[in-house]
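Structure file input15.csv (CSV, C-alpha atoms and all ligand atoms) is printed below.
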chain,number,residue,atom,x,y,z
A,1,MET,CA,167.2,133.6,88.7
A,2,LYS,CA,169.8,131.5,86.9
A,3,PHE,CA,168.7,130.3,83.5
A,4,THR,CA,169.9,128.7,80.3
A,5,LYS,CA,168.6,129.8,76.9
A,6,MET,CA,168.3,126.8,74.5
A,7,GLN,CA,166.9,126.2,71.1
A,8,GLY,CA,165.6,123.3,69.1
A,9,ILE,CA,165.8,124.3,65.4
A,10,GLY,CA,165.1,127.9,66.4
A,11,ASN,CA,162.2,127.3,68.8
A,12,ASP,CA,163.8,129.0,71.8
A,13,TYR,CA,162.9,128.8,75.4
A,14,VAL,CA,164.4,130.0,78.7
A,15,TYR,CA,165.1,126.9,80.8
A,16,VAL,CA,165.3,127.0,84.6
A,17,ASN,CA,166.8,124.2,86.7
A,18,CYS,CA,164.2,123.9,89.5
A,19,PHE,CA,166.4,121.4,91.3
A,20,LYS,CA,168.3,124.6,92.4
A,21,GLU,CA,165.9,127.5,91.6
A,22,THR,CA,162.3,128.2,92.7
A,23,VAL,CA,160.0,130.1,90.3
A,24,GLU,CA,157.1,131.4,92.4
A,25,ASP,CA,155.0,132.8,89.5
A,26,PRO,CA,155.8,131.0,86.3
A,27,LYS,CA,153.2,132.8,84.2
A,28,THR,CA,154.5,136.3,85.0
A,29,THR,CA,158.0,135.0,84.7
A,30,ALA,CA,157.3,133.5,81.2
A,31,ILE,CA,155.9,136.9,80.0
A,32,LYS,CA,158.9,138.8,81.4
A,33,VAL,CA,161.7,136.6,80.1
A,34,SER,CA,160.1,136.0,76.7
A,35,ASP,CA,160.1,139.7,75.8
A,36,ARG,CA,162.6,140.1,73.0
A,37,HIS,CA,163.2,143.8,73.8
A,38,PHE,CA,162.8,144.1,77.6
A,39,GLY,CA,163.5,140.5,78.6
A,40,ILE,CA,165.8,137.6,77.6
A,41,GLY,CA,163.9,136.9,74.4
A,42,SER,CA,162.3,133.5,73.8
A,43,ASP,CA,159.1,131.7,72.7
A,44,GLY,CA,158.4,130.9,76.4
A,45,LEU,CA,159.7,129.4,79.7
A,46,ILE,CA,160.4,125.8,80.5
A,47,LEU,CA,161.0,124.6,84.1
A,48,ILE,CA,163.0,121.4,84.7
A,49,LYS,CA,161.7,119.8,87.9
A,50,PRO,CA,162.1,116.7,89.9
A,51,SER,CA,159.4,114.0,89.2
A,52,GLU,CA,157.9,111.3,91.4
A,53,VAL,CA,156.9,109.2,88.3
A,54,ALA,CA,159.7,109.8,85.8
A,55,ASP,CA,163.4,110.8,85.7
A,56,PHE,CA,162.5,114.5,85.3
A,57,GLN,CA,159.5,116.8,84.8
A,58,MET,CA,159.0,119.5,82.2
A,59,ASP,CA,156.6,122.3,83.0
A,60,MET,CA,156.2,124.7,80.0
A,61,TYR,CA,154.7,128.1,79.4
A,62,ASN,CA,154.1,130.1,76.2
A,63,ALA,CA,155.3,133.6,75.7
A,64,ASP,CA,151.9,135.0,76.8
A,65,GLY,CA,152.1,133.1,80.1
A,66,SER,CA,149.6,130.3,79.2
A,67,ARG,CA,150.6,126.8,80.0
A,68,GLY,CA,151.4,124.3,77.2
A,69,ALA,CA,150.7,120.6,77.9
A,70,MET,CA,153.6,119.4,75.7
A,71,CYS,CA,156.5,120.9,73.8
A,72,GLY,CA,158.4,118.7,71.2
A,73,ASN,CA,161.4,121.0,70.7
A,74,GLY,CA,161.4,121.9,74.4
A,75,ILE,CA,161.6,118.3,75.6
A,76,ARG,CA,164.7,117.6,73.4
A,77,CYS,CA,166.4,120.6,75.0
A,78,VAL,CA,165.4,119.3,78.5
A,79,ALA,CA,167.1,116.0,77.6
A,80,LYS,CA,170.3,117.9,76.5
A,81,TYR,CA,170.2,120.1,79.6
A,82,VAL,CA,169.9,117.2,82.1
A,83,TYR,CA,172.7,115.2,80.4
A,84,ASP,CA,175.1,118.0,79.6
A,85,TYR,CA,174.7,119.8,83.0
A,86,GLY,CA,175.3,116.5,84.9
A,87,LEU,CA,171.8,115.9,86.3
A,88,THR,CA,172.0,112.4,84.8
A,89,ASP,CA,174.4,110.1,83.0
A,90,LYS,CA,171.6,108.0,81.4
A,91,THR,CA,171.1,108.1,77.6
A,92,PHE,CA,167.5,106.8,77.8
A,93,ILE,CA,165.3,109.0,80.1
A,94,SER,CA,161.7,109.5,80.9
A,95,VAL,CA,160.2,113.0,81.3
A,96,GLU,CA,156.8,113.7,82.9
A,97,THR,CA,154.8,116.3,81.0
A,98,ALA,CA,151.2,117.6,81.4
A,99,SER,CA,150.3,115.2,78.6
A,100,GLY,CA,151.9,112.1,80.1
A,101,ILE,CA,155.3,110.6,80.4
A,102,LYS,CA,157.6,110.7,77.3
A,103,TYR,CA,160.6,108.5,76.6
A,104,LEU,CA,163.7,109.9,75.0
A,105,ASP,CA,166.8,108.4,73.4
A,106,LEU,CA,169.9,110.6,73.6
A,107,THR,CA,172.7,110.5,71.0
A,108,VAL,CA,175.9,111.7,72.7
A,109,GLU,CA,178.9,113.1,70.7
A,110,ASN,CA,182.1,114.2,72.5
A,111,GLY,CA,180.3,114.1,75.9
A,112,LYS,CA,177.4,116.3,74.8
A,113,VAL,CA,173.9,115.5,73.5
A,114,ALA,CA,173.7,116.2,69.8
A,115,LEU,CA,170.4,114.5,68.8
A,116,VAL,CA,167.3,113.3,70.6
A,117,LYS,CA,164.7,110.8,69.5
A,118,VAL,CA,161.4,111.3,71.4
A,119,ASN,CA,158.6,108.8,71.7
A,120,MET,CA,155.8,111.4,71.4
A,121,GLY,CA,153.0,108.9,72.1
A,122,ALA,CA,149.9,108.3,70.1
A,123,PRO,CA,148.3,111.0,68.0
A,124,ILE,CA,144.7,111.8,69.1
A,125,LEU,CA,142.2,112.3,66.4
A,126,GLU,CA,139.0,112.7,68.4
A,127,ALA,CA,137.0,115.8,67.3
A,128,LYS,CA,136.4,116.8,70.9
A,129,LYS,CA,140.1,117.6,71.2
A,130,ILE,CA,140.0,119.8,68.1
A,131,PRO,CA,136.3,120.7,68.0
A,132,VAL,CA,135.7,122.5,64.6
A,133,VAL,CA,132.7,120.2,63.6
A,134,SER,CA,131.4,118.8,66.8
A,135,GLU,CA,129.1,116.1,65.4
A,136,LYS,CA,132.0,114.4,63.6
A,137,GLU,CA,134.3,111.9,65.3
A,138,GLN,CA,137.4,113.1,63.5
A,139,VAL,CA,138.3,116.3,61.8
A,140,ILE,CA,140.0,115.3,58.6
A,141,ASN,CA,139.9,117.7,55.7
A,142,GLU,CA,136.9,119.6,57.0
A,143,PRO,CA,135.9,123.1,55.8
A,144,LEU,CA,136.3,126.0,58.1
A,145,LEU,CA,135.6,129.7,57.3
A,146,VAL,CA,138.4,131.9,58.6
A,147,ASP,CA,138.5,135.6,58.0
A,148,GLY,CA,136.0,135.2,55.1
A,149,LYS,CA,138.0,132.4,53.3
A,150,GLU,CA,137.4,128.6,53.3
A,151,TYR,CA,140.2,126.5,54.6
A,152,ARG,CA,140.3,122.7,54.8
A,153,ILE,CA,141.3,121.6,58.3
A,154,THR,CA,142.7,118.4,59.7
A,155,GLY,CA,142.8,118.3,63.5
A,156,VAL,CA,145.4,116.3,65.4
A,157,SER,CA,146.3,116.5,69.1
A,158,MET,CA,149.8,115.5,70.2
A,159,GLY,CA,148.8,116.2,73.8
A,160,ASN,CA,148.1,119.8,72.6
A,161,PRO,CA,145.8,120.8,69.8
A,162,HIS,CA,146.8,121.4,66.2
A,163,ALA,CA,144.8,122.6,63.2
A,164,ILE,CA,146.6,121.7,60.0
A,165,THR,CA,145.7,123.3,56.7
A,166,TYR,CA,147.4,122.8,53.2
A,167,ILE,CA,148.1,125.8,51.1
A,168,ASP,CA,150.1,126.5,47.9
A,169,ASP,CA,152.4,129.3,49.1
A,170,VAL,CA,153.8,128.8,52.5
A,171,LYS,CA,156.7,131.2,52.2
A,172,GLY,CA,154.5,134.1,51.0
A,173,LEU,CA,151.8,133.6,53.6
A,174,ASP,CA,150.9,136.7,55.7
A,175,ILE,CA,150.9,134.6,58.9
A,176,GLU,CA,150.8,137.6,61.3
A,177,LYS,CA,147.4,138.4,59.8
A,178,ILE,CA,145.8,135.0,59.5
A,179,GLY,CA,147.5,133.2,62.4
A,180,PRO,CA,145.7,135.1,65.1
A,181,LYS,CA,142.3,134.5,63.3
A,182,PHE,CA,142.8,130.8,63.6
A,183,GLU,CA,144.1,131.0,67.1
A,184,SER,CA,141.0,132.9,68.4
A,185,HIS,CA,138.4,131.2,66.0
A,186,PRO,CA,135.2,130.2,67.9
A,187,ALA,CA,135.7,126.7,66.5
A,188,PHE,CA,138.6,126.3,69.0
A,189,PRO,CA,137.4,127.3,72.4
A,190,ASP,CA,140.8,126.4,74.0
A,191,ARG,CA,142.6,128.3,71.1
A,192,VAL,CA,144.8,126.2,68.8
A,193,ASN,CA,148.2,125.9,67.2
A,194,THR,CA,147.9,126.2,63.4
A,195,GLU,CA,150.2,124.7,60.8
A,196,PHE,CA,150.2,126.0,57.2
A,197,VAL,CA,151.7,123.2,55.1
A,198,LYS,CA,152.8,122.5,51.5
A,199,VAL,CA,153.5,119.0,50.3
A,200,LEU,CA,156.9,118.9,48.5
A,201,ASP,CA,157.0,115.1,47.6
A,202,ASP,CA,155.7,111.8,48.9
A,203,HIS,CA,157.9,112.0,52.1
A,204,THR,CA,158.6,115.7,52.5
A,205,VAL,CA,156.5,118.6,53.6
A,206,GLU,CA,157.2,122.2,54.5
A,207,MET,CA,155.3,124.2,57.1
A,208,ARG,CA,155.0,127.4,59.0
A,209,VAL,CA,153.4,127.5,62.4
A,210,TRP,CA,151.4,130.0,64.4
A,211,GLU,CA,151.6,128.8,67.9
A,212,ARG,CA,148.9,129.3,70.5
A,213,GLY,CA,150.3,131.8,73.0
A,214,SER,CA,153.6,132.5,71.2
A,215,GLY,CA,152.7,133.6,67.7
A,216,GLU,CA,154.9,132.5,64.8
A,217,THR,CA,157.9,130.4,65.9
A,218,LEU,CA,160.7,129.0,63.8
A,219,ALA,CA,159.6,125.5,64.6
A,220,CYS,CA,157.1,123.4,66.6
A,221,GLY,CA,157.9,119.8,67.4
A,222,THR,CA,154.4,118.7,68.3
A,223,GLY,CA,153.2,120.6,65.3
A,224,ALA,CA,155.6,118.7,63.0
A,225,CYS,CA,154.3,115.4,64.4
A,226,ALA,CA,150.7,116.5,63.9
A,227,VAL,CA,151.5,117.5,60.3
A,228,ALA,CA,153.2,114.2,59.5
A,229,VAL,CA,150.1,112.3,60.8
A,230,ALA,CA,147.7,114.6,59.0
A,231,SER,CA,149.7,114.3,55.7
A,232,ILE,CA,149.6,110.5,55.9
A,233,LEU,CA,145.9,110.5,56.8
A,234,ASN,CA,145.1,112.7,53.9
A,235,GLY,CA,147.2,110.5,51.5
A,236,TYR,CA,149.6,113.4,50.7
A,237,VAL,CA,152.7,111.4,51.8
A,238,LYS,CA,153.2,107.7,51.2
A,239,GLU,CA,156.0,107.0,53.6
A,240,GLU,CA,155.6,106.5,57.4
A,241,GLU,CA,158.8,108.5,57.8
A,242,VAL,CA,158.2,112.2,56.9
A,243,THR,CA,160.8,115.0,56.7
A,244,VAL,CA,159.2,118.2,58.0
A,245,LYS,CA,160.9,121.3,56.9
A,246,LEU,CA,160.4,124.3,59.2
A,247,LEU,CA,161.8,127.8,59.2
A,248,GLY,CA,164.5,126.8,61.7
A,249,GLY,CA,165.5,123.4,60.2
A,250,ASP,CA,164.2,119.9,59.6
A,251,LEU,CA,162.6,117.3,61.8
A,252,LYS,CA,162.3,113.6,61.0
A,253,ILE,CA,158.9,112.2,62.1
A,254,TYR,CA,158.1,108.5,62.1
A,255,TRP,CA,154.5,107.3,62.7
A,256,ASP,CA,154.6,103.6,63.7
A,257,ARG,CA,151.2,102.6,62.5
A,258,GLU,CA,151.2,99.2,64.1
A,259,GLU,CA,152.0,100.5,67.6
A,260,ASN,CA,150.3,103.9,66.9
A,261,LEU,CA,153.3,105.8,68.2
A,262,VAL,CA,154.9,108.9,66.8
A,263,TYR,CA,158.7,109.4,67.0
A,264,MET,CA,160.4,112.7,66.5
A,265,THR,CA,164.2,113.1,66.0
A,266,GLY,CA,166.0,116.4,66.0
A,267,PRO,CA,168.8,118.4,67.5
A,268,ALA,CA,169.0,120.6,70.6
A,269,ALA,CA,171.4,123.4,71.4
A,270,VAL,CA,172.5,125.7,74.2
A,271,VAL,CA,172.5,129.4,73.3
A,272,PHE,CA,173.9,130.8,76.5
A,273,ASP,CA,173.7,130.7,80.3
A,274,GLY,CA,172.7,133.8,82.3
A,275,GLU,CA,171.1,135.3,85.4
A,276,ILE,CA,168.2,137.7,85.5
A,277,ALA,CA,166.7,139.7,88.4
A,278,LEU,CA,162.9,139.2,88.5
A,301,LIG,N1,156.7,124.8,70.5
A,301,LIG,C1,156.1,123.7,71.0
A,301,LIG,C2,154.7,123.7,71.4
A,301,LIG,C3,154.5,124.7,72.6
A,301,LIG,C4,153.1,124.7,73.2
A,301,LIG,C5,152.0,125.3,72.3
A,301,LIG,N2,152.2,126.6,71.9
A,301,LIG,C6,150.6,125.1,72.9
A,301,LIG,O1,150.1,126.0,73.6
A,301,LIG,O2,150.0,124.0,72.8
A,301,LIG,C7,156.6,122.4,70.4
A,301,LIG,O3,157.7,122.3,69.9
A,301,LIG,O4,155.9,121.4,70.4
Give the structure from the file, written as structure tokens.
Amino acid sequence: MKFTKMQGIGNDYVYVNCFKETVEDPKTTAIKVSDRHFGIGSDGLILIKPSEVADFQMDMYNADGSRGAMCGNGIRCVAKYVYDYGLTDKTFISVETASGIKYLDLTVENGKVALVKVNMGAPILEAKKIPVVSEKEQVINEPLLVDGKEYRITGVSMGNPHAITYIDDVKGLDIEKIGPKFESHPAFPDRVNTEFVKVLDDHTVEMRVWERGSGETLACGTGACAVAVASILNGYVKEEEVTVKLLGGDLKIYWDREENLVYMTGPAAVVFDGEIAL
């Protein structure tokens, strides 16, 4: 199987061009290629496919083989792949995902995509997407007991579920210990992506993420969008444009409140091309 490993601020996936390749069993393939010792090493697998309703289709899998409905860093890399590898010459493209069609603006420098702005759609705040407290319509700053400690949770879905909690010490957090407790907490029957956030000023936050199905990653695009929305809803940031600082770099997130659309801008990069026997 020919592949390209790519990363969006350190959130790395193995990308397969399914205009040329067929992946019979994506779940098993995702587990195999993601292994950092016995495989290629990645946070998961992303298949770039033809679409009947958009320019391209993105089909993404976490490192444990589970399917993700949407991937913010991944979709920027899809945009770079299709342009840089000559599948399109358009600089405004649509990509079908399991959470709807997304629209992407490509910034090209010296013939290659350097930056991508993604219309991530509307944030979803309904509690049924992020259960936690089922009788409430929204989960904003709600208490949740995790591993014997009370956290305050804000739930935002960006097509995939995110539980956001604000803490004082993001850098010192033992995320390997607490991350899995959130992920498998009974409050989240479909499991959840968890963002641990510190507010730096009225337009900047820093976060670490424990991703459902992949563990700690250097960045999560949907997570950064969810955090920007949660930080505005909680009154922690005043601006509609928020800089989200992640372990792998920064993302600019803009929540257009009038249109209720979230825009994410960030880079995408190729690491290497390769071929692997499955
Ligand atoms: N890294 C991604 C999100 C990937 C999917 C997630 N782990 C899930 O299962 O919902 C991003 O950049 O958004």
TODO: Within 12 Å of Thr22 in chain A, counting only C-alpha atoms, which residues show up once you throw out same-chain ones fewer than 4 positions away? Write them as a list in words, please.
DONE: Met1, Lys2, Phe3, Val16, Asn17, Cys18, Pro26, Thr29, Leu47, Ile48, Lys49, Pro50 and Leu278 of chain A
- [ ] Compute the set of protein, DNA and RNA residues whose minimum atom distance to ligand LIG 301 (chain A) is at most 7 Å, using all atoms listed in the file, and state it as a ChimeraX atom specification.
- [x] /A:11,62,67-74,160-161,192-193,211-214,219-223
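Here the question is which of A:Lys181, A:Lys117, A:Lys198, A:Lys171 gets nearest to Leu247 in chain A using only C-alpha atoms, and that residue is A:Lys171.
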Task: Long-range neighbours of Trp255 in chain A as a VMD selection string, 7 Å cut-off, all atoms listed in the file, 6 positions minimum in chain - done: chain A and resid 229 240 to 241 261 to 263
- [ ] Kindly give the distance, in Å, that separates CA of Gly179 in chain A and CA of Trp210 in chain A, rounded to a single decimal.
- [x] 5.4 Å
Which residues come within 10 Å of Val95 in chain A, counting only C-alpha atoms, excluding same-chain residues fewer than 3 positions away, as a PDB file with C-alpha atoms, keeping the file's coordinate frame?
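Final file, around-v1.pdb:
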ATOM      1  CA  ILE A  48     163.000 121.400  84.700  1.00  0.00           C
ATOM      2  CA  LYS A  49     161.700 119.800  87.900  1.00  0.00           C
ATOM      3  CA  PRO A  50     162.100 116.700  89.900  1.00  0.00           C
ATOM      4  CA  SER A  51     159.400 114.000  89.200  1.00  0.00           C
ATOM      5  CA  VAL A  53     156.900 109.200  88.300  1.00  0.00           C
ATOM      6  CA  ALA A  54     159.700 109.800  85.800  1.00  0.00           C
ATOM      7  CA  ASP A  55     163.400 110.800  85.700  1.00  0.00           C
ATOM      8  CA  PHE A  56     162.500 114.500  85.300  1.00  0.00           C
ATOM      9  CA  GLN A  57     159.500 116.800  84.800  1.00  0.00           C
ATOM     10  CA  MET A  58     159.000 119.500  82.200  1.00  0.00           C
ATOM     11  CA  ILE A  75     161.600 118.300  75.600  1.00  0.00           C
ATOM     12  CA  VAL A  78     165.400 119.300  78.500  1.00  0.00           C
ATOM     13  CA  ALA A  79     167.100 116.000  77.600  1.00  0.00           C
ATOM     14  CA  GLY A 100     151.900 112.100  80.100  1.00  0.00           C
ATOM     15  CA  ILE A 101     155.300 110.600  80.400  1.00  0.00           C
ATOM     16  CA  LYS A 102     157.600 110.700  77.300  1.00  0.00           C
ATOM     17  CA  TYR A 103     160.600 108.500  76.600  1.00  0.00           C
ATOM     18  CA  LEU A 104     163.700 109.900  75.000  1.00  0.00           C
TER      19      LEU A 104
END
